[in-house]
Amino acid sequence: MSNHDDVEKALKSQTLRVCVVGIGRIGLPTALLFAKSGLDTIGVDINESLVQNINSGIYPLKDELGIEEIFNDVIINKKFSATTKIEDAVPNSDLILLSLPTPMDENNIPDYSALRSVATKLSKILSPNSLVIVESTIEPGFIEDEMVSTILKSGRLKIGENFFIGVCPENANPGEILHDFTNLPRLVGGINNHVTKLIKMIYGFVFSVELVEMPDCKTANAVKLTTNVFRDVNIAFVSELSLMFEKLGIDTMKVLDAAKKKYNFQIHYPGAGVGGPCLPINSYQLLNTARRTGVRLNIIESGRQINEKMPEHVIELTLDAFKECNKTIQNNSILILGISYKPDVKDIQLTPAKHIIEKLQKLGANVHIYDPYFSSGQVFGINVEENLDDIISKVDASIIVTGHEEFKKIELSIFNQMKSSILIDTRGIIDPEDAKQAKLIFRGLGRGKL
Ligand SMILES: NC(=O)c1ccc[n+]([C@@H]2O[C@H](COP(=O)([O-])OP(=O)(O)OC[C@H]3O[C@@H](n4cnc5c(N)ncnc54)[C@H](O)[C@@H]3O)[C@@H](O)[C@H]2O)c1
């Protein structure tokens with residue numbers, strides 16, 4: 001990796017060997033695209049059953065369209081395989097991509113233990129002249145302040161001489177990964193300019209998107225966090241406004257639809273809360289950076305507080321609707337429509353549905369779940385319903401928590417089969433006028449009473 005021309009030759013002759021550590025939601029599709037470009041690729045993961053399934057040709061990401069075909073292709077052509085043995089895979093690779101999880105703990109402190117533990121291993125097993133690229137979402141400075149010194153600890157490697165490192169933060173959206181891989185510009189930043197150019201050349205070989213050169217790793221990671229935290233904060237902004245508009249009898253969806261006609265307004269929607277593996281964590285990552293730097297990021301702090309309070313508001317709307325029927329939540333049945341943190345994916349990481357369910361149970365409700373992406377088994381200790389038609393007549397109320405496409409197509413008359421015809425829409429997908437026509441007891445988050 002010390003010589004640009006050698007890497008170019010290795011790409012053209014397809015002799016560059018690639019290892020992706022962490023083959024989950026992001027790492028697996030990334031590894032598959034490297035393999036599809038003709039480069040021998042190995043995926044490393046500590047999840048034994050995932051590795052076994054992949055090697056048996058079982059594709060794990062059923063909600064990611066278009067990628068299964070690539071998976072089948074590269075498995076049959078033996079361009080890609082998986083292993084749990086990092087100590088075998090890494091020494092035989094020239095390029096090591098890290099797509100490891102960067103969650104947070106119960107106190108909202110970012111948890112970089114997977115990256116730290118792999119960096120410690122790399123220090124011992126990395127072959128001289130390898131290039132490490134971190135795709136995980138990390139705080140600005142993490143490469144420069146931590147990863148480099150951990151990997152150099154064994155004393156075998158010298159940064160910029162026989163060890164190279166950089167970042168290419170992943171910014172694909174779950175459920176749309178193939179689309180985003182082929183459309184979204186990517187940021188590339190290296191420990192020096194030579195590495196930035198190398199990463200650009202390698203990713204240019206695999207992906208046909210714009211590759212934006214960053215001055216260093218920390219700037220690339222700052223951009224990645226800024227784009228996601230922008231969304232978290234703006235969702236908080238419209239969610240807070242929607243609480244006031246509700247009281248004023250103003251329909252927030254009408255406000256937003258008209259506001260977006262202005263060229264410099266970027267629309268975000270209010271809702272039951274913000275979950276997932278990115279936005280909430282990314283805000284806490286920047287807040288952690290702020291703490292380390294001795295500054296305060298007041299807007300991000302407030303944004304988090306607002307987004308974390310939204311499930312509480314869903315409960316208030318539900319209580320209000322029950323009150324209209326002279327009923328209490330206690331001992332009555334409520335159906336949660338959608339538990340994924342966002343529409344049309346099977347993913348409940350940090351989903352607001354969990355908080356809503358817990359609060360309803362505390363109030364004594366019998367909670368049921370229907371989500372087209374979870375058709376069997378238990379989630380949050382509740383057996384999920386297989387069929388909406390079978391459960392709807394047994395509940396008093398339904399709460400749309402996730403705006404899955406399927407829920408947008410529901411005939412509203414189905415909700416009249418419920419014992420109390422209460423419908424709460426937290427995602428702005430039901431027109432309040434239609435709900436009124438259907439004679440439902442309706443509460444729409446941010447929409448005011450009709
Ligand atoms: N999912 C997203 O929407 C998304 C989007 C952009 C960026 N990211 C970032 O990408 C990174 C990966 O996220 P993800 O959603 O793919 O996570 P994931 O949990 O789906 O996948 C991570 C994989 O790493 C494996 N793993 C954990 N520790 C390991 C170790 N020590 N050695 C080897 N494998 C290990 C896990 O078993 C898992 O399969 C995170 O930093 C995340 O913030 C995620």
# chains A, B, ... in the order shown; residues from 1 in each chain; ligands from 1
>>> residues_around(residues="Leu65 (chain A)", least_positions_apart="3", cutoff="10 Å", atoms="only C-alpha atoms", output="list of chain:residue names")
A:Leu61, A:Lys62, A:Glu68, A:Glu69, A:Gly175, A:Glu176, A:Ile177, A:Leu178, A:His179
>>> write_last_selection(atoms="all heavy atoms", output="mmCIF file, in the first residue's frame")
data_model
loop_
_atom_site.group_PDB
_atom_site.id
_atom_site.type_symbol
_atom_site.label_atom_id
_atom_site.label_comp_id
_atom_site.auth_asym_id
_atom_site.auth_seq_id
_atom_site.Cartn_x
_atom_site.Cartn_y
_atom_site.Cartn_z
ATOM 1 N N LEU A 61 -30.160 -10.733 5.084
ATOM 2 C CA LEU A 61 -30.779 -9.395 5.132
ATOM 3 C C LEU A 61 -31.995 -9.319 4.204
ATOM 4 O O LEU A 61 -31.960 -8.651 3.166
ATOM 5 C CB LEU A 61 -29.752 -8.321 4.746
ATOM 6 C CG LEU A 61 -28.536 -8.155 5.645
ATOM 7 C CD1 LEU A 61 -27.517 -7.208 5.017
ATOM 8 C CD2 LEU A 61 -28.946 -7.628 7.025
ATOM 9 N N LYS A 62 -33.063 -10.008 4.608
ATOM 10 C CA LYS A 62 -34.214 -10.170 3.702
ATOM 11 C C LYS A 62 -34.883 -8.840 3.338
ATOM 12 O O LYS A 62 -35.572 -8.742 2.330
ATOM 13 C CB LYS A 62 -35.252 -11.108 4.338
ATOM 14 C CG LYS A 62 -34.774 -12.546 4.404
ATOM 15 C CD LYS A 62 -34.698 -13.175 3.017
ATOM 16 C CE LYS A 62 -34.187 -14.604 3.089
ATOM 17 N NZ LYS A 62 -33.674 -15.118 1.819
ATOM 18 N N GLU A 68 -29.541 -9.687 -2.438
ATOM 19 C CA GLU A 68 -29.543 -11.157 -2.376
ATOM 20 C C GLU A 68 -28.963 -11.759 -3.658
ATOM 21 O O GLU A 68 -28.218 -12.748 -3.616
ATOM 22 C CB GLU A 68 -30.972 -11.663 -2.141
ATOM 23 C CG GLU A 68 -31.012 -13.157 -1.914
ATOM 24 C CD GLU A 68 -32.307 -13.631 -1.250
ATOM 25 O OE1 GLU A 68 -33.224 -12.805 -1.087
ATOM 26 O OE2 GLU A 68 -32.356 -14.822 -0.904
ATOM 27 N N GLU A 69 -29.267 -11.147 -4.808
ATOM 28 C CA GLU A 69 -28.755 -11.665 -6.089
ATOM 29 C C GLU A 69 -27.230 -11.589 -6.097
ATOM 30 O O GLU A 69 -26.546 -12.517 -6.541
ATOM 31 C CB GLU A 69 -29.303 -10.847 -7.278
ATOM 32 C CG GLU A 69 -30.793 -11.016 -7.554
ATOM 33 C CD GLU A 69 -31.694 -10.271 -6.578
ATOM 34 O OE1 GLU A 69 -31.180 -9.443 -5.792
ATOM 35 O OE2 GLU A 69 -32.916 -10.546 -6.563
ATOM 36 N N GLY A 175 -32.616 -0.709 4.513
ATOM 37 C CA GLY A 175 -33.766 -0.889 3.623
ATOM 38 C C GLY A 175 -33.491 -0.350 2.228
ATOM 39 O O GLY A 175 -34.183 -0.688 1.275
ATOM 40 N N GLU A 176 -32.480 0.529 2.119
ATOM 41 C CA GLU A 176 -32.181 1.152 0.811
ATOM 42 C C GLU A 176 -30.691 1.078 0.518
ATOM 43 O O GLU A 176 -30.132 1.956 -0.149
ATOM 44 C CB GLU A 176 -32.595 2.621 0.841
ATOM 45 C CG GLU A 176 -34.076 2.838 1.017
ATOM 46 C CD GLU A 176 -34.406 4.244 1.484
ATOM 47 O OE1 GLU A 176 -34.234 4.528 2.687
ATOM 48 O OE2 GLU A 176 -34.796 5.040 0.645
ATOM 49 N N ILE A 177 -30.036 0.063 1.066
ATOM 50 C CA ILE A 177 -28.574 0.058 1.021
ATOM 51 C C ILE A 177 -28.034 -0.004 -0.406
ATOM 52 O O ILE A 177 -27.132 0.758 -0.763
ATOM 53 C CB ILE A 177 -28.010 -1.070 1.914
ATOM 54 C CG1 ILE A 177 -28.220 -0.668 3.376
ATOM 55 C CG2 ILE A 177 -26.533 -1.331 1.639
ATOM 56 C CD1 ILE A 177 -27.658 -1.590 4.409
ATOM 57 N N LEU A 178 -28.620 -0.869 -1.243
ATOM 58 C CA LEU A 178 -28.095 -0.966 -2.610
ATOM 59 C C LEU A 178 -28.300 0.354 -3.355
ATOM 60 O O LEU A 178 -27.393 0.840 -4.036
ATOM 61 C CB LEU A 178 -28.761 -2.126 -3.370
ATOM 62 C CG LEU A 178 -28.111 -2.429 -4.722
ATOM 63 C CD1 LEU A 178 -26.634 -2.751 -4.562
ATOM 64 C CD2 LEU A 178 -28.822 -3.572 -5.425
ATOM 65 N N HIS A 179 -29.470 0.932 -3.169
ATOM 66 C CA HIS A 179 -29.741 2.235 -3.804
ATOM 67 C C HIS A 179 -28.700 3.266 -3.349
ATOM 68 O O HIS A 179 -28.116 3.985 -4.151
ATOM 69 C CB HIS A 179 -31.157 2.711 -3.451
ATOM 70 C CG HIS A 179 -31.404 4.137 -3.842
ATOM 71 N ND1 HIS A 179 -31.146 5.197 -2.990
ATOM 72 C CD2 HIS A 179 -31.819 4.688 -5.008
ATOM 73 C CE1 HIS A 179 -31.416 6.327 -3.601
ATOM 74 N NE2 HIS A 179 -31.836 6.047 -4.829
#
>>> closest_atom_pairs(of="chain A", to="ligand 1", cutoff="9 Å", atoms="only C-alpha atoms and all ligand atoms", output="JSON lines")
{"residue": "A:Val20", "atom": "CA", "partner": "ligand 1", "partner_atom_place_in_ligand_line": "33 (C)", "distance": 9.0}
{"residue": "A:Val21", "atom": "CA", "partner": "ligand 1", "partner_atom_place_in_ligand_line": "33 (C)", "distance": 5.3}
{"residue": "A:Gly22", "atom": "CA", "partner": "ligand 1", "partner_atom_place_in_ligand_line": "24 (O)", "distance": 3.4}
{"residue": "A:Ile23", "atom": "CA", "partner": "ligand 1", "partner_atom_place_in_ligand_line": "39 (O)", "distance": 4.9}
{"residue": "A:Gly24", "atom": "CA", "partner": "ligand 1", "partner_atom_place_in_ligand_line": "21 (O)", "distance": 3.2}
{"residue": "A:Arg25", "atom": "CA", "partner": "ligand 1", "partner_atom_place_in_ligand_line": "16 (O)", "distance": 3.8}
{"residue": "A:Ile26", "atom": "CA", "partner": "ligand 1", "partner_atom_place_in_ligand_line": "16 (O)", "distance": 3.7}
{"residue": "A:Gly27", "atom": "CA", "partner": "ligand 1", "partner_atom_place_in_ligand_line": "16 (O)", "distance": 5.3}
{"residue": "A:Leu28", "atom": "CA", "partner": "ligand 1", "partner_atom_place_in_ligand_line": "16 (O)", "distance": 7.6}
{"residue": "A:Gly43", "atom": "CA", "partner": "ligand 1", "partner_atom_place_in_ligand_line": "34 (N)", "distance": 8.9}
{"residue": "A:Val44", "atom": "CA", "partner": "ligand 1", "partner_atom_place_in_ligand_line": "33 (C)", "distance": 5.7}
{"residue": "A:Asp45", "atom": "CA", "partner": "ligand 1", "partner_atom_place_in_ligand_line": "34 (N)", "distance": 3.6}
{"residue": "A:Ile46", "atom": "CA", "partner": "ligand 1", "partner_atom_place_in_ligand_line": "34 (N)", "distance": 4.5}
{"residue": "A:Asn47", "atom": "CA", "partner": "ligand 1", "partner_atom_place_in_ligand_line": "37 (O)", "distance": 4.6}
{"residue": "A:Glu48", "atom": "CA", "partner": "ligand 1", "partner_atom_place_in_ligand_line": "37 (O)", "distance": 8.4}
{"residue": "A:Leu50", "atom": "CA", "partner": "ligand 1", "partner_atom_place_in_ligand_line": "39 (O)", "distance": 7.3}
{"residue": "A:Val51", "atom": "CA", "partner": "ligand 1", "partner_atom_place_in_ligand_line": "39 (O)", "distance": 8.9}
{"residue": "A:Thr84", "atom": "CA", "partner": "ligand 1", "partner_atom_place_in_ligand_line": "33 (C)", "distance": 7.4}
{"residue": "A:Lys85", "atom": "CA", "partner": "ligand 1", "partner_atom_place_in_ligand_line": "33 (C)", "distance": 8.8}
{"residue": "A:Ile86", "atom": "CA", "partner": "ligand 1", "partner_atom_place_in_ligand_line": "33 (C)", "distance": 7.5}
{"residue": "A:Leu98", "atom": "CA", "partner": "ligand 1", "partner_atom_place_in_ligand_line": "11 (C)", "distance": 8.2}
{"residue": "A:Ser99", "atom": "CA", "partner": "ligand 1", "partner_atom_place_in_ligand_line": "12 (C)", "distance": 4.8}
{"residue": "A:Leu100", "atom": "CA", "partner": "ligand 1", "partner_atom_place_in_ligand_line": "24 (O)", "distance": 4.5}
{"residue": "A:Pro101", "atom": "CA", "partner": "ligand 1", "partner_atom_place_in_ligand_line": "40 (C)", "distance": 4.2}
{"residue": "A:Thr102", "atom": "CA", "partner": "ligand 1", "partner_atom_place_in_ligand_line": "41 (O)", "distance": 4.4}
{"residue": "A:Pro103", "atom": "CA", "partner": "ligand 1", "partner_atom_place_in_ligand_line": "43 (O)", "distance": 7.0}
{"residue": "A:Tyr112", "atom": "CA", "partner": "ligand 1", "partner_atom_place_in_ligand_line": "41 (O)", "distance": 8.9}
{"residue": "A:Ser113", "atom": "CA", "partner": "ligand 1", "partner_atom_place_in_ligand_line": "31 (N)", "distance": 7.9}
{"residue": "A:Ala114", "atom": "CA", "partner": "ligand 1", "partner_atom_place_in_ligand_line": "31 (N)", "distance": 4.5}
{"residue": "A:Leu115", "atom": "CA", "partner": "ligand 1", "partner_atom_place_in_ligand_line": "31 (N)", "distance": 6.9}
{"residue": "A:Arg116", "atom": "CA", "partner": "ligand 1", "partner_atom_place_in_ligand_line": "31 (N)", "distance": 8.4}
{"residue": "A:Ser117", "atom": "CA", "partner": "ligand 1", "partner_atom_place_in_ligand_line": "31 (N)", "distance": 6.1}
{"residue": "A:Val118", "atom": "CA", "partner": "ligand 1", "partner_atom_place_in_ligand_line": "31 (N)", "distance": 5.6}
{"residue": "A:Val134", "atom": "CA", "partner": "ligand 1", "partner_atom_place_in_ligand_line": "41 (O)", "distance": 8.9}
{"residue": "A:Glu135", "atom": "CA", "partner": "ligand 1", "partner_atom_place_in_ligand_line": "10 (O)", "distance": 6.3}
{"residue": "A:Ser136", "atom": "CA", "partner": "ligand 1", "partner_atom_place_in_ligand_line": "41 (O)", "distance": 3.3}
{"residue": "A:Thr137", "atom": "CA", "partner": "ligand 1", "partner_atom_place_in_ligand_line": "41 (O)", "distance": 4.0}
{"residue": "A:Ile138", "atom": "CA", "partner": "ligand 1", "partner_atom_place_in_ligand_line": "41 (O)", "distance": 6.6}
{"residue": "A:Pro169", "atom": "CA", "partner": "ligand 1", "partner_atom_place_in_ligand_line": "7 (C)", "distance": 6.8}
{"residue": "A:Glu170", "atom": "CA", "partner": "ligand 1", "partner_atom_place_in_ligand_line": "7 (C)", "distance": 4.6}
{"residue": "A:Asn171", "atom": "CA", "partner": "ligand 1", "partner_atom_place_in_ligand_line": "6 (C)", "distance": 4.3}
{"residue": "A:Ala172", "atom": "CA", "partner": "ligand 1", "partner_atom_place_in_ligand_line": "5 (C)", "distance": 5.1}
{"residue": "A:Asn173", "atom": "CA", "partner": "ligand 1", "partner_atom_place_in_ligand_line": "3 (O)", "distance": 5.1}
{"residue": "A:Pro174", "atom": "CA", "partner": "ligand 1", "partner_atom_place_in_ligand_line": "3 (O)", "distance": 4.8}
{"residue": "A:Gly175", "atom": "CA", "partner": "ligand 1", "partner_atom_place_in_ligand_line": "3 (O)", "distance": 8.6}
{"residue": "A:Ile177", "atom": "CA", "partner": "ligand 1", "partner_atom_place_in_ligand_line": "5 (C)", "distance": 8.7}
{"residue": "A:Lys224", "atom": "CA", "partner": "ligand 1", "partner_atom_place_in_ligand_line": "7 (C)", "distance": 8.9}
{"residue": "A:Gly276", "atom": "CA", "partner": "ligand 1", "partner_atom_place_in_ligand_line": "3 (O)", "distance": 7.1}
{"residue": "A:Pro277", "atom": "CA", "partner": "ligand 1", "partner_atom_place_in_ligand_line": "1 (N)", "distance": 5.6}
{"residue": "A:Cys278", "atom": "CA", "partner": "ligand 1", "partner_atom_place_in_ligand_line": "43 (O)", "distance": 5.4}
{"residue": "A:Leu279", "atom": "CA", "partner": "ligand 1", "partner_atom_place_in_ligand_line": "43 (O)", "distance": 8.9}
{"residue": "A:Ile281", "atom": "CA", "partner": "ligand 1", "partner_atom_place_in_ligand_line": "43 (O)", "distance": 7.8}
{"residue": "A:Asn282", "atom": "CA", "partner": "ligand 1", "partner_atom_place_in_ligand_line": "43 (O)", "distance": 7.7}
>>> closest_residue(among="A:Glu358, A:Asp73, A:Asp344, A:Asp232", to="Val274 (chain A)", atoms="only C-alpha atoms")
A:Asp232
>>> residues_around(residues="Gly190 (chain A)", least_positions_apart="2", cutoff="6 Å", atoms="only C-alpha atoms", output="VMD selection string")
chain A and resid 166 192 195 to 196 216 to 217
>>> closest_residue(among="A:Val367, A:Ala119, A:Leu350, A:Ile54", to="Met104 (chain A)", atoms="only C-alpha atoms")
A:Leu350
>>> select_by_dssp(residues="region 63-195 of chain A", states="helix (DSSP H, G or I)", output="PyMOL selection string")
chain A and resi 67-76+86-92+113-125+142-152+177-183+193-195
>>> residues_around(residues="Val384 (chain A)", least_positions_apart="4", cutoff="10 Å", atoms="only C-alpha atoms", output="ChimeraX atom specification")
/A:336,368-372,374-380
>>> write_last_selection(atoms="C-alpha atoms", output="compact mmCIF listing (two decimals), in the first residue's frame")
# COMPACT_ATOMS: atom_id res chain seq x y z
CA ILE A 336 -49.34 -1.52 18.37
CA HIS A 368 -50.62 -6.69 21.26
CA ILE A 369 -48.23 -6.19 18.36
CA TYR A 370 -48.76 -6.41 14.63
CA ASP A 371 -45.85 -5.63 12.31
CA PRO A 372 -45.58 -7.13 8.82
CA PHE A 374 -42.24 -9.63 12.48
CA SER A 375 -44.69 -12.39 11.71
CA SER A 376 -43.80 -14.93 14.40
CA GLY A 377 -42.24 -15.29 17.82
CA GLN A 378 -42.02 -12.80 20.67
CA VAL A 379 -40.85 -9.19 20.73
CA PHE A 380 -40.58 -7.29 24.02
>>> closest_atom_pairs(of="region 302-393 of chain A", to="region 430-444 of chain A", cutoff="10 Å", atoms="only C-alpha atoms", output="tab-separated table")
residue	atom	partner	partner_atom	distance
A:Val314	CA	A:Arg443	CA	9.3
A:Leu317	CA	A:Arg443	CA	6.3
A:Thr318	CA	A:Arg443	CA	7.6
A:Asp320	CA	A:Arg443	CA	8.4
A:Ala321	CA	A:Ile441	CA	6.5
A:Phe322	CA	A:Ile441	CA	8.7
A:Glu324	CA	A:Ile441	CA	7.9
A:Cys325	CA	A:Ile441	CA	8.3
>>> atom_distance(atom1="CA of Lys218 (chain A)", atom2="CA of Asp145 (chain A)")
9.9 Å
>>> residues_around(residues="Thr120 (chain A)", least_positions_apart="4", cutoff="12 Å", atoms="only C-alpha atoms", output="list of chain:residue names")
A:Ile86, A:Glu87, A:Ser113, A:Ala114, A:Leu115, A:Arg116, A:Lys124, A:Ile125, A:Leu126, A:Glu146, A:Met147, A:Val148, A:Ser149, A:Thr150, A:Ile151, A:Leu152, A:Lys153, A:Ser154
>>> write_last_selection(atoms="C-alpha atoms", output="PDB file, in the first residue's frame")
ATOM      1  CA  ILE A  86      -9.863 -12.923  12.467  1.00  0.00           C
ATOM      2  CA  GLU A  87      -6.356 -14.280  13.096  1.00  0.00           C
ATOM      3  CA  SER A 113     -15.365  -1.651  22.655  1.00  0.00           C
ATOM      4  CA  ALA A 114     -15.690  -3.661  19.401  1.00  0.00           C
ATOM      5  CA  LEU A 115     -13.358  -1.271  17.563  1.00  0.00           C
ATOM      6  CA  ARG A 116     -10.940  -1.178  20.506  1.00  0.00           C
ATOM      7  CA  LYS A 124      -0.581  -8.291  16.590  1.00  0.00           C
ATOM      8  CA  ILE A 125      -1.780  -9.811  13.311  1.00  0.00           C
ATOM      9  CA  LEU A 126      -1.822  -7.080  10.674  1.00  0.00           C
ATOM     10  CA  GLU A 146      -7.021   6.015  19.723  1.00  0.00           C
ATOM     11  CA  MET A 147      -6.991   3.632  16.770  1.00  0.00           C
ATOM     12  CA  VAL A 148      -3.523   4.548  15.534  1.00  0.00           C
ATOM     13  CA  SER A 149      -1.815   4.246  18.921  1.00  0.00           C
ATOM     14  CA  THR A 150      -3.617   0.950  19.717  1.00  0.00           C
ATOM     15  CA  ILE A 151      -2.613  -0.615  16.401  1.00  0.00           C
ATOM     16  CA  LEU A 152       0.983   0.620  16.778  1.00  0.00           C
ATOM     17  CA  LYS A 153       1.283  -0.811  20.320  1.00  0.00           C
ATOM     18  CA  SER A 154       3.016  -4.039  19.301  1.00  0.00           C
TER      19      SER A 154
END
>>> residues_around(residues="Thr41 (chain A)", least_positions_apart="3", cutoff="9 Å", atoms="only C-alpha atoms", output="PyMOL selection string")
chain A and resi 17-20+31-32+34-35+38+79-82+93
>>> closest_residue(among="A:Ser302, A:Lys309, A:Leu445, A:Ala220", to="Glu246 (chain A)", atoms="only C-alpha atoms")
A:Leu445
>>> atom_distance(atom1="CA of Pro185 (chain A)", atom2="CA of Glu301 (chain A)")
28.7 Å
>>> residues_around(residues="Lys359 (chain A)", least_positions_apart="5", cutoff="10 Å", atoms="only C-alpha atoms", output="MDAnalysis selection string")
chainID A and resid 311:312 314:315 353:354 364:365
>>> write_last_selection(atoms="all heavy atoms", output="tab-separated table (two decimals), in the first residue's frame")
chain	number	residue	atom	x	y	z
A	311	PRO	N	-42.57	9.56	23.01
A	311	PRO	CA	-43.41	8.39	23.37
A	311	PRO	C	-44.41	8.74	24.48
A	311	PRO	O	-45.54	8.27	24.49
A	311	PRO	CB	-42.39	7.35	23.86
A	311	PRO	CG	-41.13	7.69	23.14
A	311	PRO	CD	-41.13	9.20	23.06
A	312	GLU	N	-43.99	9.61	25.41
A	312	GLU	CA	-44.87	10.05	26.49
A	312	GLU	C	-46.10	10.75	25.91
A	312	GLU	O	-47.23	10.57	26.39
A	312	GLU	CB	-44.07	11.01	27.38
A	312	GLU	CG	-44.65	11.31	28.72
A	312	GLU	CD	-44.71	10.08	29.62
A	312	GLU	OE1	-43.64	9.48	29.88
A	312	GLU	OE2	-45.82	9.76	30.03
A	314	VAL	N	-47.43	10.21	23.02
A	314	VAL	CA	-48.30	9.19	22.41
A	314	VAL	C	-49.23	8.62	23.47
A	314	VAL	O	-50.41	8.39	23.23
A	314	VAL	CB	-47.44	8.07	21.76
A	314	VAL	CG1	-48.34	6.97	21.19
A	314	VAL	CG2	-46.55	8.66	20.67
A	315	ILE	N	-48.71	8.44	24.67
A	315	ILE	CA	-49.54	7.93	25.77
A	315	ILE	C	-50.62	8.96	26.12
A	315	ILE	O	-51.79	8.61	26.32
A	315	ILE	CB	-48.66	7.63	27.03
A	315	ILE	CG1	-47.55	6.64	26.69
A	315	ILE	CG2	-49.53	7.13	28.19
A	315	ILE	CD1	-48.00	5.28	26.25
A	353	ALA	N	-41.18	2.33	19.93
A	353	ALA	CA	-42.28	1.40	20.22
A	353	ALA	C	-42.06	0.73	21.58
A	353	ALA	O	-43.01	0.49	22.33
A	353	ALA	CB	-42.37	0.33	19.13
A	354	LYS	N	-40.81	0.46	21.91
A	354	LYS	CA	-40.51	-0.23	23.17
A	354	LYS	C	-40.99	0.62	24.37
A	354	LYS	O	-41.64	0.11	25.28
A	354	LYS	CB	-38.99	-0.47	23.26
A	354	LYS	CG	-38.55	-1.21	24.49
A	354	LYS	CD	-37.10	-1.67	24.32
A	354	LYS	CE	-36.66	-2.55	25.47
A	354	LYS	NZ	-36.22	-1.78	26.63
A	364	GLY	N	-51.52	-0.75	32.80
A	364	GLY	CA	-52.43	-1.90	32.93
A	364	GLY	C	-53.05	-2.39	31.64
A	364	GLY	O	-53.98	-3.19	31.65
A	365	ALA	N	-52.56	-1.88	30.49
A	365	ALA	CA	-53.14	-2.31	29.21
A	365	ALA	C	-52.62	-3.70	28.81
A	365	ALA	O	-51.50	-4.07	29.16
A	365	ALA	CB	-52.76	-1.30	28.12
>>> closest_residue(among="A:Lys323, A:Lys394, A:His313, A:Arg427", to="Tyr341 (chain A)", atoms="only C-alpha atoms")
A:Arg427
>>> closest_residue(among="A:Gln285, A:Asn72, A:Ser127, A:Gln417", to="Asn221 (chain A)", atoms="only C-alpha atoms")
A:Gln285
>>> closest_residue(among="A:Leu363, A:Ile109, A:Val345, A:Ala258", to="Thr289 (chain A)", atoms="only C-alpha atoms")
A:Ile109
>>> select_by_dssp(residues="region 115-159 of chain A", states="strand (DSSP E)", output="list in words")
Ser130, Leu131, Val132, Ile133 and Val134 of chain A
>>> write_last_selection(atoms="N, CA and C atoms", output="compact mmCIF listing (two decimals), in the first residue's frame")
# COMPACT_ATOMS: atom_id res chain seq x y z
N SER A 130 -0.40 -3.22 5.11
CA SER A 130 -1.87 -3.29 4.95
C SER A 130 -2.47 -1.90 5.11
N LEU A 131 -3.67 -1.78 4.55
CA LEU A 131 -4.44 -0.55 4.73
C LEU A 131 -5.72 -0.89 5.50
N VAL A 132 -5.96 -0.15 6.60
CA VAL A 132 -7.18 -0.34 7.40
C VAL A 132 -8.11 0.84 7.12
N ILE A 133 -9.36 0.52 6.78
CA ILE A 133 -10.33 1.60 6.56
C ILE A 133 -11.50 1.40 7.53
N VAL A 134 -11.76 2.42 8.32
CA VAL A 134 -12.84 2.33 9.30
C VAL A 134 -14.11 2.91 8.68
>>> atom_distance(atom1="CA of Glu405 (chain A)", atom2="CA of Arg231 (chain A)")
21.4 Å
